[in-house]
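Comments concern the structure below.
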Amino acid sequence: MRVLLTGHQGYLGTVMAPVLTAAGHEVVGLDAGLFADCVLGPAPADPSGHRVDLRDVTAEHVAGVDAVIHLAALSNDPLGSLAPELTYDINHHASVRLARLARDAGVGRFLYASTCSVYGAAGGGDLVGEDAPLRPVTPYAESKVRVEDDLHALADGDFTPVFMRNATAFGYSPRLRADIVLNNLVGHALLSGEVLVLSDGTPWRPLVHAADIARAFTAALTAPREAVHDRAFNIGSEINNVTVAEIAEQVAEAVSGSKVVITGETGADPRSYRVDFSRFRAAVPGFDCEWTVKQGALELADAYREHRLTQEDFERRFTRLAVLRAASDAGVVDDTLRWRR
């Protein structure tokens, strides 16, 4: 297929593009480029693509495309809470507009990167399946729920939206993010000797490696239409349903000489959920995740050492909010996070 991959210069997109290419697809990227320089290690070889803000996409950008994989978003909770109006403008309104343009252009399949954060305050009891009540507690998660609702209304006999509710990502990507839990804890452990947990450590988190997300999207791209049409899927593995304290312990095992420090200064996090991932395995026989949290912690520690991660890089280059604040302070983006011309 000819696949439009939005967010191809992001954390997940940089991992996904070569997986799609290896599967035989022609990848066309679309990205605003806000995080294109957030590289740890050798610069990745990006596919050809469009440098355009998601809010400025036109019919031209989806012409001749067989499928869209939509990753692009303001992609973490602190950023979403800082600028909720931008979160809804980009993550919700621009995403739905892209889907309408794609449908009108004859695109057959639209894979949407949603999140398990839509379950929000589900608690740590029973495993949460796709039909569970949605309880988003942040603007980021709420924007994902709104897009799912609107894409459902667009589904028809020719247009197949698929809602891929990813667990919290982890693992090395050439365009690193240090503001997601496992990546962050491994960085703290290496740079300070402490696996620093600011919450009380009790919330449950489902985790999934970036490479497993890429494999899942690639599988969903060519799965039989009747198996995936207008359906939501949790993406991850039950073995990676872990508490934040358990994540910290596994990081301490992976980074020798480090110790777990749970301060509890931010109190109990209302976001807590254990997730059932069986629906996607049933829809796409043969698929399962390959990476465990422990393996991911070891991979990250090796990559951080090999590419000589510094405290400066960890705090500024690979933290989304810090990158955007620096761009704003330097005057290269405006108040709407568009590049100044």
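In the structure tokens, chains take the letters A, B, ... in the order shown, each chain's residues start at 1, and ligands count up from 1 in the order shown.
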Which residues are close to Phe163 of chain A, i.e. within 12 Å by only C-alpha atoms, leaving aside same-chain residues fewer than 3 positions away? Reply as number ranges by chain. A: 69-71, 109-116, 118, 130, 144-152, 155, 160, 166, 216-217, 220-221, 228-235, 280
Need to verify the contact set: Ala254 of chain A, 9 Å, only C-alpha atoms, exclusion of same-chain residues closer than 6 positions in sequence. Can you return it as a short mmCIF file (atom, residue, chain, number, x, y, z; two decimals) with C-alpha atoms, in the first residue's frame?
data_model
loop_
_atom_site.label_atom_id
_atom_site.label_comp_id
_atom_site.auth_asym_id
_atom_site.auth_seq_id
_atom_site.Cartn_x
_atom_site.Cartn_y
_atom_site.Cartn_z
CA VAL A 186 16.06 4.52 33.24
CA LYS A 294 12.78 -5.65 31.85
CA GLN A 295 14.08 -6.12 28.31
CA ALA A 297 14.95 -1.20 30.54
CA LEU A 298 18.12 -3.07 29.54
CA ALA A 301 20.31 1.60 29.49
#
Extract the full set of strand (DSSP E) residues from segment 86-284 of chain A according to DSSP on the backbone, and format it as an NGL selection string. :A and (109-115 or 123-128 or 160-166 or 168-170 or 194-197 or 204-209 or 231-235 or 241-243 or 259-262 or 273-275)
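Closest approach to Phe170 of chain A among A:Thr6, A:Thr319, A:Asn240, A:Ser117 is made by A:Asn240 (distances from only C-alpha atoms).
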In segment 43-138 of chain A, DSSP alpha helix (DSSP H) residues written as a PyMOL selection string: chain A and resi 59-62+77-82+84-87+95-104
Those same residues - C-alpha atoms - I'd like them written as a PDB file, in the first residue's frame.
ATOM      1  CA  ALA A  59      -6.785  17.250   0.035  1.00  0.00           C
ATOM      2  CA  GLU A  60      -3.508  17.277  -1.890  1.00  0.00           C
ATOM      3  CA  HIS A  61      -1.711  15.589   1.010  1.00  0.00           C
ATOM      4  CA  VAL A  62      -4.020  12.550   0.969  1.00  0.00           C
ATOM      5  CA  ASP A  77      -0.498  14.857  29.659  1.00  0.00           C
ATOM      6  CA  PRO A  78       1.539  17.801  31.092  1.00  0.00           C
ATOM      7  CA  LEU A  79       1.582  19.496  27.696  1.00  0.00           C
ATOM      8  CA  GLY A  80      -2.109  18.886  27.190  1.00  0.00           C
ATOM      9  CA  SER A  81      -2.949  20.327  30.576  1.00  0.00           C
ATOM     10  CA  LEU A  82      -0.778  23.393  29.938  1.00  0.00           C
ATOM     11  CA  PRO A  84      -5.838  22.320  26.534  1.00  0.00           C
ATOM     12  CA  GLU A  85      -7.256  24.506  23.779  1.00  0.00           C
ATOM     13  CA  LEU A  86      -4.321  23.594  21.501  1.00  0.00           C
ATOM     14  CA  THR A  87      -4.677  19.946  22.470  1.00  0.00           C
ATOM     15  CA  SER A  95      -7.501  14.753  13.331  1.00  0.00           C
ATOM     16  CA  VAL A  96     -11.162  14.524  12.359  1.00  0.00           C
ATOM     17  CA  ARG A  97     -10.611  16.940   9.510  1.00  0.00           C
ATOM     18  CA  LEU A  98      -7.762  14.734   8.234  1.00  0.00           C
ATOM     19  CA  ALA A  99     -10.048  11.699   8.383  1.00  0.00           C
ATOM     20  CA  ARG A 100     -12.764  13.472   6.393  1.00  0.00           C
ATOM     21  CA  LEU A 101     -10.252  14.505   3.735  1.00  0.00           C
ATOM     22  CA  ALA A 102      -8.954  10.937   3.594  1.00  0.00           C
ATOM     23  CA  ARG A 103     -12.430   9.457   3.246  1.00  0.00           C
ATOM     24  CA  ASP A 104     -13.345  11.934   0.522  1.00  0.00           C
TER      25      ASP A 104
END
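Taking atom CA of Tyr273 of chain A and atom CA of Leu207 of chain A as endpoints, the distance between them is 11.0 Å.
Nearest-residue note for Gly129 of chain A: choosing from A:Val275, A:Ala32, A:Val208, A:Ala223, the minimum distance belongs to A:Val275, counting only C-alpha atoms.
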What lies within 7 Å of Arg205 of chain A using only C-alpha atoms, ignoring chain neighbours under 3 positions off, as a list in words? Asn241, Val242, Thr243, Val244, Ser272, Tyr273 and Arg274 of chain A
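Note that atom CA of Thr168 of chain A and atom CA of Ala36 of chain A are 21.3 Å apart.
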Neighbours of Leu12 of chain A within 10 Å (only C-alpha atoms; same-chain residues fewer than 6 positions away dropped), as a count of residues only? 16
List the spatial neighbours of segment 126-128 of chain A as a PyMOL selection string - criterion: any atom at most 9 Å away, only C-alpha atoms, same-chain residues fewer than 3 positions off excluded. chain A and resi 119+122-123+131-133+238+273-277
Please save C-alpha atoms of the selected residues as a compact mmCIF listing (two decimals), in the first residue's frame.
# COMPACT_ATOMS: atom_id res chain seq x y z
CA TYR A 119 -9.73 4.30 30.73
CA ALA A 122 -10.55 2.59 36.08
CA GLY A 123 -8.64 1.39 39.14
CA ASP A 131 -16.03 -2.10 25.95
CA ALA A 132 -15.33 -0.77 29.46
CA PRO A 133 -16.52 2.74 30.38
CA GLU A 238 -0.94 -8.44 29.89
CA TYR A 273 -5.75 0.66 35.02
CA ARG A 274 -4.84 -2.92 34.07
CA VAL A 275 -5.72 -3.76 30.51
CA ASP A 276 -6.94 -6.80 28.56
CA PHE A 277 -5.21 -7.06 25.17
